[in-house]
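Coordinates as given in query11.txt (compact mmCIF, C-alpha atoms and all ligand atoms):
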```txt
# COMPACT_ATOMS: atom_id res chain seq x y z
CA MET A 1 -72.31 152.79 -78.10
CA THR A 2 -73.50 156.38 -78.44
CA GLN A 3 -77.22 157.19 -78.37
CA THR A 4 -78.66 156.15 -81.72
CA TYR A 5 -82.21 156.34 -83.00
CA ASN A 6 -83.25 153.56 -85.32
CA PHE A 7 -86.19 154.38 -87.60
CA SER A 8 -86.31 150.94 -89.25
CA ALA A 9 -89.74 149.81 -90.44
CA GLY A 10 -89.03 146.26 -89.30
CA PRO A 11 -87.35 144.46 -87.74
CA ALA A 12 -87.54 147.61 -85.68
CA MET A 13 -85.89 149.02 -82.59
CA LEU A 14 -86.64 147.58 -79.17
CA PRO A 15 -86.78 149.59 -75.93
CA THR A 16 -83.26 149.99 -74.53
CA GLN A 17 -84.46 148.90 -71.08
CA VAL A 18 -85.74 145.65 -72.59
CA LEU A 19 -82.43 144.99 -74.37
CA GLN A 20 -80.56 145.62 -71.13
CA LYS A 21 -82.80 143.27 -69.20
CA ILE A 22 -82.31 140.54 -71.82
CA GLN A 23 -78.56 141.05 -71.68
CA GLN A 24 -78.60 140.71 -67.91
CA GLU A 25 -80.48 137.43 -67.94
CA LEU A 26 -79.13 135.97 -71.17
CA ILE A 27 -76.65 133.47 -69.76
CA GLU A 28 -78.87 132.21 -67.00
CA TYR A 29 -82.62 132.63 -67.16
CA GLU A 30 -84.29 132.89 -63.73
CA ASN A 31 -82.91 129.90 -61.82
CA SER A 32 -82.86 127.50 -64.72
CA LYS A 33 -79.03 127.25 -64.93
CA ALA A 34 -79.29 127.79 -68.68
CA SER A 35 -80.23 130.47 -71.17
CA VAL A 36 -83.89 130.92 -72.03
CA MET A 37 -82.88 129.71 -75.52
CA GLU A 38 -81.63 126.43 -74.13
CA ILE A 39 -84.54 125.26 -71.99
CA SER A 40 -87.57 123.16 -72.84
CA HIS A 41 -90.68 125.05 -73.86
CA ARG A 42 -92.59 122.56 -71.71
CA GLY A 43 -90.48 123.09 -68.60
CA VAL A 44 -91.81 125.12 -65.71
CA ASP A 45 -89.55 128.15 -66.30
CA PHE A 46 -90.59 128.72 -69.88
CA MET A 47 -94.24 127.83 -69.23
CA GLU A 48 -94.36 130.52 -66.57
CA ALA A 49 -92.87 133.08 -68.94
CA ALA A 50 -95.34 132.08 -71.65
CA GLN A 51 -98.34 132.34 -69.35
CA LYS A 52 -97.23 135.67 -67.91
CA SER A 53 -96.68 137.14 -71.38
CA GLU A 54 -100.18 136.12 -72.42
CA LYS A 55 -101.67 137.56 -69.26
CA ASP A 56 -99.83 140.86 -69.75
CA LEU A 57 -100.93 141.08 -73.37
CA ARG A 58 -104.51 140.38 -72.35
CA ASP A 59 -104.30 143.12 -69.71
CA LEU A 60 -102.77 145.62 -72.14
CA LEU A 61 -105.32 145.08 -74.91
CA LYS A 62 -108.20 144.21 -72.54
CA ILE A 63 -108.78 141.02 -74.53
CA PRO A 64 -112.18 139.50 -73.66
CA SER A 65 -112.19 135.96 -72.26
CA ASN A 66 -113.90 134.49 -75.33
CA TYR A 67 -110.76 135.15 -77.41
CA LYS A 68 -107.74 132.88 -77.71
CA VAL A 69 -104.26 134.33 -78.00
CA LEU A 70 -101.88 132.28 -80.14
CA PHE A 71 -98.11 132.67 -80.32
CA LEU A 72 -97.22 131.32 -83.77
CA GLN A 73 -94.52 131.40 -86.44
CA GLY A 74 -94.69 132.09 -90.17
CA GLY A 75 -95.08 135.86 -89.90
CA ALA A 76 -98.11 137.91 -90.82
CA SER A 77 -97.71 136.37 -94.28
CA ALA A 78 -98.73 132.92 -93.02
CA GLN A 79 -101.94 134.53 -91.75
CA PHE A 80 -102.76 135.61 -95.29
CA SER A 81 -103.43 131.87 -95.82
CA MET A 82 -104.61 130.87 -92.35
CA VAL A 83 -107.38 133.47 -92.35
CA PRO A 84 -109.23 132.06 -95.39
CA ILE A 85 -108.46 128.46 -94.35
CA ASN A 86 -110.10 129.02 -90.97
CA LEU A 87 -112.74 131.62 -91.67
CA LEU A 88 -114.35 130.66 -94.97
CA ARG A 89 -116.40 127.99 -93.17
CA GLY A 90 -118.21 126.73 -96.23
CA LYS A 91 -118.57 130.13 -97.89
CA SER A 92 -116.93 130.85 -101.23
CA LYS A 93 -116.43 134.59 -100.97
CA ALA A 94 -114.67 137.14 -98.77
CA SER A 95 -114.36 140.94 -98.90
CA TYR A 96 -110.99 142.68 -98.69
CA ALA A 97 -110.19 146.38 -98.41
CA ASN A 98 -107.23 147.30 -100.58
CA THR A 99 -105.45 150.19 -98.91
CA GLY A 100 -101.83 149.36 -99.66
CA HIS A 101 -98.96 146.99 -100.27
CA TRP A 102 -99.88 144.53 -97.51
CA SER A 103 -103.56 144.52 -98.47
CA VAL A 104 -102.45 143.54 -101.97
CA LYS A 105 -100.46 140.60 -100.59
CA ALA A 106 -103.37 139.44 -98.42
CA ILE A 107 -105.72 139.67 -101.40
CA ALA A 108 -103.39 137.67 -103.66
CA GLU A 109 -103.23 134.86 -101.12
CA GLY A 110 -106.97 135.02 -100.39
CA MET A 111 -107.67 134.52 -104.10
CA ARG A 112 -106.06 131.08 -103.86
CA TYR A 113 -108.88 130.00 -101.55
CA CYS A 114 -111.97 131.96 -102.52
CA GLU A 115 -113.57 134.61 -104.66
CA VAL A 116 -112.18 137.89 -103.38
CA ASN A 117 -114.39 140.94 -103.47
CA VAL A 118 -112.24 144.08 -103.25
CA CYS A 119 -114.75 146.30 -101.47
CA THR A 120 -112.67 149.49 -101.59
CA ASP A 121 -109.53 150.28 -103.53
CA SER A 122 -107.02 152.99 -102.69
CA SER A 123 -104.64 152.04 -105.50
CA GLU A 124 -106.27 154.77 -107.61
CA ASN A 125 -104.84 157.44 -105.28
CA LYS A 126 -101.54 155.60 -104.79
CA PHE A 127 -102.59 154.56 -101.30
CA THR A 128 -102.73 158.09 -99.93
CA ASP A 129 -106.42 158.10 -99.02
CA ILE A 130 -109.30 155.84 -97.96
CA GLN A 131 -112.75 155.98 -99.50
CA ASP A 132 -115.57 156.84 -97.06
CA PHE A 133 -116.73 153.65 -95.39
CA LYS A 134 -120.35 154.24 -96.38
CA ASN A 135 -119.33 153.85 -100.03
CA TRP A 136 -117.56 150.52 -99.60
CA ASN A 137 -119.07 147.65 -101.51
CA ILE A 138 -119.07 144.75 -99.05
CA GLU A 139 -120.80 141.91 -100.85
CA PRO A 140 -123.53 140.02 -99.05
CA GLY A 141 -122.45 136.45 -98.38
CA SER A 142 -118.84 137.39 -97.65
CA ALA A 143 -117.37 135.10 -95.02
CA TYR A 144 -115.40 137.99 -93.50
CA LEU A 145 -113.98 141.46 -94.13
CA HIS A 146 -110.18 141.73 -94.14
CA TYR A 147 -108.41 145.06 -93.79
CA THR A 148 -105.04 146.51 -92.84
CA PRO A 149 -105.49 149.16 -90.11
CA ASN A 150 -102.02 150.57 -90.75
CA GLU A 151 -100.26 150.28 -94.09
CA THR A 152 -96.58 150.27 -93.20
CA ILE A 153 -95.18 151.36 -96.55
CA ALA A 154 -97.40 154.26 -97.64
CA GLY A 155 -98.07 155.34 -94.03
CA LEU A 156 -101.86 155.15 -94.29
CA GLU A 157 -103.77 154.39 -91.10
CA PHE A 158 -107.47 154.03 -90.29
CA ASP A 159 -108.78 156.32 -87.55
CA TYR A 160 -111.86 154.14 -87.03
CA ILE A 161 -112.89 150.48 -86.93
CA PRO A 162 -115.10 149.39 -89.85
CA ASP A 163 -118.52 148.45 -88.50
CA VAL A 164 -119.70 145.20 -90.08
CA ASP A 165 -121.89 142.25 -89.11
CA ILE A 166 -119.50 139.63 -90.49
CA PRO A 167 -116.21 138.68 -88.80
CA LEU A 168 -113.74 141.55 -89.09
CA VAL A 169 -110.13 140.50 -89.69
CA ALA A 170 -107.24 142.92 -89.18
CA ASP A 171 -103.56 142.70 -90.08
CA MET A 172 -102.25 144.86 -87.24
CA SER A 173 -98.56 144.09 -87.76
CA SER A 174 -97.44 147.71 -87.67
CA THR A 175 -100.02 149.22 -85.32
CA ILE A 176 -100.78 146.66 -82.61
CA LEU A 177 -100.19 148.05 -79.10
CA SER A 178 -99.69 151.59 -80.40
CA ARG A 179 -103.10 152.73 -79.11
CA GLU A 180 -106.14 151.36 -77.33
CA ILE A 181 -108.51 149.26 -79.42
CA ASP A 182 -111.79 147.48 -78.80
CA VAL A 183 -110.86 143.85 -79.43
CA SER A 184 -114.50 142.77 -79.22
CA LYS A 185 -115.15 144.39 -82.60
CA TYR A 186 -112.87 141.85 -84.28
CA GLY A 187 -113.06 138.22 -85.32
CA VAL A 188 -109.31 137.89 -85.83
CA ILE A 189 -106.40 140.24 -85.15
CA TYR A 190 -102.93 139.17 -86.23
CA ALA A 191 -99.50 140.76 -86.19
CA GLY A 192 -95.94 139.82 -87.00
CA ALA A 193 -93.86 140.67 -83.93
CA GLN A 194 -90.96 142.50 -85.54
CA LYS A 195 -92.53 145.97 -85.63
CA ASN A 196 -94.16 146.69 -82.31
CA ILE A 197 -93.85 143.52 -80.25
CA GLY A 198 -90.39 141.96 -80.32
CA PRO A 199 -87.92 140.12 -82.55
CA ALA A 200 -88.87 138.56 -85.88
CA GLY A 201 -90.01 134.94 -85.74
CA LEU A 202 -93.14 135.35 -83.65
CA THR A 203 -96.66 136.08 -84.87
CA ILE A 204 -99.50 136.86 -82.53
CA VAL A 205 -103.05 135.87 -83.41
CA ILE A 206 -106.04 136.93 -81.33
CA VAL A 207 -109.08 134.96 -82.45
CA ARG A 208 -112.67 134.78 -81.23
CA GLU A 209 -113.36 131.26 -80.01
CA ASP A 210 -116.43 130.61 -82.13
CA LEU A 211 -114.29 131.08 -85.26
CA ILE A 212 -111.93 128.25 -84.33
CA GLY A 213 -112.42 124.82 -85.93
CA ASN A 214 -114.23 123.92 -89.17
CA VAL A 215 -111.37 124.57 -91.59
CA VAL A 216 -111.08 124.14 -95.34
CA SER A 217 -110.20 120.47 -95.88
CA GLY A 218 -106.84 119.16 -97.02
CA GLN A 219 -104.81 121.97 -95.45
CA PRO A 220 -101.80 121.61 -93.13
CA LYS A 221 -102.78 120.74 -89.57
CA LEU A 222 -100.53 123.56 -88.35
CA PHE A 223 -102.66 126.05 -90.27
CA ASP A 224 -105.77 125.10 -88.29
CA TYR A 225 -106.18 127.59 -85.41
CA SER A 226 -107.63 124.79 -83.25
CA THR A 227 -104.34 122.86 -83.44
CA GLN A 228 -102.47 125.56 -81.55
CA ALA A 229 -105.45 126.81 -79.53
CA ASN A 230 -105.89 123.34 -78.01
CA ASN A 231 -102.17 123.07 -77.24
CA GLU A 232 -101.35 126.45 -75.69
CA SER A 233 -99.42 127.35 -78.87
CA MET A 234 -97.10 124.41 -78.21
CA PHE A 235 -98.31 121.81 -80.69
CA ASN A 236 -94.76 122.05 -82.02
CA THR A 237 -91.78 123.99 -80.68
CA PRO A 238 -92.72 127.67 -80.51
CA ALA A 239 -90.32 130.54 -81.19
CA THR A 240 -89.21 130.56 -77.56
CA PHE A 241 -86.70 133.40 -77.63
CA PRO A 242 -88.90 135.94 -79.46
CA TRP A 243 -91.82 134.91 -77.25
CA TYR A 244 -89.76 135.56 -74.12
CA VAL A 245 -88.60 138.95 -75.46
CA ALA A 246 -92.20 139.86 -76.32
CA GLY A 247 -93.05 139.15 -72.70
CA ARG A 248 -90.37 141.62 -71.59
CA VAL A 249 -91.77 144.21 -74.00
CA PHE A 250 -95.27 143.75 -72.56
CA GLU A 251 -93.85 144.28 -69.05
CA TRP A 252 -92.13 147.43 -70.26
CA LEU A 253 -95.38 148.68 -71.79
CA LYS A 254 -97.19 148.16 -68.50
CA GLU A 255 -94.45 150.11 -66.71
CA GLN A 256 -94.99 152.97 -69.18
CA GLY A 257 -98.61 153.13 -68.05
CA GLY A 258 -100.20 150.80 -70.60
CA LEU A 259 -101.79 151.66 -73.90
CA SER A 260 -103.61 154.81 -72.84
CA ALA A 261 -100.25 156.32 -71.86
CA ILE A 262 -98.36 155.00 -74.90
CA GLN A 263 -101.14 156.26 -77.17
CA LYS A 264 -100.64 159.83 -75.94
CA ILE A 265 -96.90 159.59 -76.43
CA ASN A 266 -97.35 158.15 -79.93
CA GLN A 267 -99.80 160.84 -80.92
CA THR A 268 -97.43 163.57 -79.77
CA LYS A 269 -94.50 161.97 -81.61
CA ALA A 270 -96.49 161.79 -84.83
CA GLN A 271 -97.75 165.38 -84.45
CA THR A 272 -94.20 166.61 -83.91
CA LEU A 273 -92.97 165.01 -87.11
CA TYR A 274 -95.93 165.89 -89.33
CA LYS A 275 -95.77 169.49 -88.10
CA ALA A 276 -92.12 169.70 -89.12
CA ILE A 277 -93.01 168.32 -92.55
CA ASP A 278 -96.07 170.53 -93.05
CA THR A 279 -94.42 173.77 -91.97
CA SER A 280 -91.57 173.31 -94.44
CA ASP A 281 -91.59 173.79 -98.22
CA PHE A 282 -88.71 171.36 -98.48
CA TYR A 283 -90.40 168.25 -97.01
CA SER A 284 -93.78 166.81 -97.93
CA ASN A 285 -96.07 163.92 -97.08
CA PRO A 286 -98.77 162.98 -99.61
CA VAL A 287 -101.20 161.17 -97.29
CA SER A 288 -104.66 162.57 -96.56
CA ILE A 289 -104.34 164.26 -93.15
CA LYS A 290 -107.15 162.23 -91.58
CA TYR A 291 -105.44 158.94 -92.44
CA ARG A 292 -101.84 159.69 -91.66
CA SER A 293 -100.09 156.91 -89.83
CA TRP A 294 -98.86 157.42 -86.29
CA MET A 295 -96.29 154.66 -86.78
CA ASN A 296 -94.79 155.04 -90.27
CA VAL A 297 -94.18 158.52 -91.62
CA PRO A 298 -92.99 158.70 -95.23
CA PHE A 299 -91.71 162.05 -96.44
CA LEU A 300 -90.19 163.36 -99.66
CA LEU A 301 -87.46 165.93 -100.15
CA ALA A 302 -88.23 168.70 -102.65
CA ASP A 303 -85.10 167.67 -104.53
CA ASP A 304 -84.76 163.90 -105.00
CA SER A 305 -81.09 164.18 -105.83
CA LEU A 306 -80.43 165.09 -102.18
CA ASN A 307 -81.79 161.77 -100.85
CA GLY A 308 -78.37 160.12 -100.68
CA LEU A 309 -76.80 163.07 -98.89
CA PHE A 310 -79.71 163.26 -96.44
CA LEU A 311 -79.24 159.62 -95.48
CA GLU A 312 -75.49 159.97 -95.20
CA ARG A 313 -75.68 163.05 -92.95
CA ALA A 314 -78.44 161.49 -90.86
CA LYS A 315 -76.30 158.44 -90.25
CA GLU A 316 -73.40 160.63 -89.15
CA VAL A 317 -75.57 161.91 -86.30
CA ASP A 318 -76.82 158.40 -85.48
CA LEU A 319 -80.27 158.67 -87.07
CA LEU A 320 -80.59 155.30 -88.78
CA ALA A 321 -82.66 153.48 -91.39
CA LEU A 322 -84.55 156.46 -92.80
CA LYS A 323 -84.54 155.32 -96.42
CA GLY A 324 -88.07 155.14 -97.81
CA HIS A 325 -89.52 152.03 -99.40
CA ARG A 326 -88.57 151.78 -103.05
CA SER A 327 -92.23 151.95 -104.12
CA VAL A 328 -92.69 155.36 -102.45
CA GLY A 329 -89.18 156.81 -102.59
CA GLY A 330 -87.83 159.54 -100.33
CA MET A 331 -87.64 158.82 -96.62
CA ARG A 332 -89.66 156.92 -94.07
CA ALA A 333 -89.40 157.31 -90.33
CA SER A 334 -90.97 154.44 -88.42
CA ILE A 335 -91.75 155.62 -84.92
CA TYR A 336 -93.10 152.59 -83.11
CA ASN A 337 -93.57 152.37 -79.34
CA ALA A 338 -89.85 151.92 -78.66
CA MET A 339 -88.97 155.25 -80.32
CA PRO A 340 -88.88 157.94 -77.62
CA GLN A 341 -90.01 161.53 -78.17
CA GLU A 342 -86.30 162.52 -77.98
CA GLY A 343 -85.62 160.45 -81.10
CA VAL A 344 -88.31 162.29 -83.03
CA ASP A 345 -87.03 165.62 -81.72
CA ALA A 346 -83.50 164.71 -82.85
CA LEU A 347 -84.84 163.84 -86.31
CA VAL A 348 -86.78 167.10 -86.58
CA ASN A 349 -83.71 169.11 -85.54
CA PHE A 350 -81.65 167.32 -88.14
CA MET A 351 -84.30 167.92 -90.83
CA ASN A 352 -84.35 171.63 -90.02
CA ASP A 353 -80.55 171.85 -90.18
CA PHE A 354 -80.43 169.94 -93.45
CA GLU A 355 -83.04 172.22 -94.98
CA LYS A 356 -81.04 175.29 -93.88
CA ASP A 357 -77.89 173.93 -95.49
CA PHE A 358 -79.32 172.48 -98.70
CA GLY A 359 -82.98 173.54 -99.04
C1 LIG A 401 -94.34 143.77 -92.15
C2 LIG A 401 -95.76 143.53 -92.47
C3 LIG A 401 -96.21 142.29 -92.97
C4 LIG A 401 -95.27 141.15 -93.28
O1 LIG A 401 -94.95 140.49 -92.14
P1 LIG A 401 -94.10 139.13 -92.14
O2 LIG A 401 -94.03 138.85 -90.68
O3 LIG A 401 -92.79 139.44 -92.79
O4 LIG A 401 -94.86 138.10 -92.89
C5 LIG A 401 -97.56 142.12 -93.20
N1 LIG A 401 -98.42 143.12 -92.96
C6 LIG A 401 -98.04 144.32 -92.50
C7 LIG A 401 -99.05 145.40 -92.26
C8 LIG A 401 -96.69 144.56 -92.24
O5 LIG A 401 -96.30 145.76 -91.77
```

Take the structure from the file and write it as structure tokens.
Amino acid sequence: MTQTYNFSAGPAMLPTQVLQKIQQELIEYENSKASVMEISHRGVDFMEAAQKSEKDLRDLLKIPSNYKVLFLQGGASAQFSMVPINLLRGKSKASYANTGHWSVKAIAEGMRYCEVNVCTDSSENKFTDIQDFKNWNIEPGSAYLHYTPNETIAGLEFDYIPDVDIPLVADMSSTILSREIDVSKYGVIYAGAQKNIGPAGLTIVIVREDLIGNVVSGQPKLFDYSTQANNESMFNTPATFPWYVAGRVFEWLKEQGGLSAIQKINQTKAQTLYKAIDTSDFYSNPVSIKYRSWMNVPFLLADDSLNGLFLERAKEVDLLALKGHRSVGGMRASIYNAMPQEGVDALVNFMNDFEKDFG
């Protein structure tokens, strides 16, 4: 296979070194005489992999010891329900920031369990900007504040952590591990794996221990954080293969120098691409500069009728999956951790050439 760069928003590209390592050990995992997909999750080989992956994740994110890390299924979408089920704790109201497509989904599900107070709403500016935090209307008595640090579709990302005295809940699906964060500011962090962690099928939840237990009654036992927290995420069969791959990704991240190193690389990648967009009259990005995403970069061509040709030519030079989300149009380049600077450089070169030929 020639060198390709895959800009898919998710499931997204994995580091080539990780894919090679998985290939090497696919038929026989460690000394287990079987593939990692074929062994018991309770056997010593998988248990070791599970424990090591948790330890590496804790090291990478500097997760304090009073937080549990859960390796679940159901995607980020299942957390839209599990968050209210576990965090309402007798209250009838929760505050949600609406900054994009995924916020909207979380809000819709939250409304099935409680009164949702939308404390800020970016829909008025088509999710291109975020209202100043001091003007948010977080209602007293809210059980928690839910927000989406990076909105994957519009490419809108917070450059700060909201400071609140109620549990802060973050859907970090498309930004987790892209930069350093202070986990202690959060009550719950959750993320579907398929953007910046590993294959689809795994969801990581980082939850402060005092928020575990005391769930809304009559809900599935599997949706109670304590069920999995008390069983090392093995109350039922976990997604063993994605979990194992995630472990290999965490090892790779450590080899890259951890999150402080990856953060610098990500910032440079994003700057490279936004600079190319901003210095051209042909490409544009509508997001407020302060809140531009480092991970998902949507951009429009001055002439919409060239979208098809752009995608076709890009594919010819092995730049894949650049089609924008239908709600935004144009293009979107997702540049998660696995995307090297060379991939962004190749995209920028292609964009410049395309503009010369057709702009
Ligand atoms: C992709 C994505 C989701 C949906 O994740 P699933 O794992 O498919 O449920 C939710 N939130 C954000 C921010 C996402 O990027």

**OP:** Could you check which of A:Ala143, A:Ala154, A:Val118, A:Val245 is closest to ligand LIG 401 (chain A), using all atoms listed in the file?
**Re:**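 With all atoms listed in the file as the atom set, the closest residue is A:Ala154.
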
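Taking CA of Ala261 (chain A) and CA of Asn296 (chain A) as endpoints, the distance between them is 19.2 Å.
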
Original post:
CA of Glu30 (chain A) to CA of Ala200 (chain A): how many Å, to one decimal?
Top reply: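 Computing it gives 23.3 Å between the two atoms.
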
**OP:** For each of A:Leu14, A:Leu88, A:Ile22, A:Leu202, take the minimum atom-to-atom distance to Val215 (chain A), counting all atoms listed in the file, then give the residue where this is smallest.
**Re:** A:Leu88

If you count only C-alpha atoms, which residues fall within 10 Å of Glu54 (chain A), apart from same-chain ones fewer than 6 positions away, as a PDB file with C-alpha atoms, in the coordinates of the input?
```
ATOM      1  CA  GLU A  48     -94.360 130.520 -66.570  1.00  0.00           C
ATOM      2  CA  LEU A  60    -102.770 145.620 -72.140  1.00  0.00           C
ATOM      3  CA  LYS A  68    -107.740 132.880 -77.710  1.00  0.00           C
ATOM      4  CA  VAL A  69    -104.260 134.330 -78.000  1.00  0.00           C
ATOM      5  CA  LEU A  70    -101.880 132.280 -80.140  1.00  0.00           C
ATOM      6  CA  PHE A  71     -98.110 132.670 -80.320  1.00  0.00           C
ATOM      7  CA  TRP A 243     -91.820 134.910 -77.250  1.00  0.00           C
ATOM      8  CA  ALA A 246     -92.200 139.860 -76.320  1.00  0.00           C
ATOM      9  CA  GLY A 247     -93.050 139.150 -72.700  1.00  0.00           C
ATOM     10  CA  PHE A 250     -95.270 143.750 -72.560  1.00  0.00           C
TER      11      PHE A 250
END
```

Subject >> Selection near region 281-291 of chain A, 6 Å with all atoms listed in the file, sequence-local residues under 2 positions removed, as a PyMOL selection string >> reply: chain A and resi 128-129+156-158+277+299-302

Original post:
Mind listing the residues within 6 Å of ligand LIG 401 (chain A), all atoms listed in the file counted, as a PyMOL selection string?
Top reply: chain A and resi 75-77+102+151-152+171-174+192

Subject >> Non-local contacts of region 335-344 of chain A (10 Å; only C-alpha atoms; under 4 positions in same chain excluded) as an MDAnalysis selection string >> reply: chainID A and resid 3:10 12:18 174:179 195:197 249 252:253 259 262:263 265:266 268:270 272:273 293:297 319 348:350

**OP:** May I have the residues within 12 Å of Ser123 (chain A) as a ChimeraX atom specification, using all atoms listed in the file and disregarding those fewer than 2 positions away in the same chain?
**Re:** /A:97-104,118,120-121,125-131,154,156
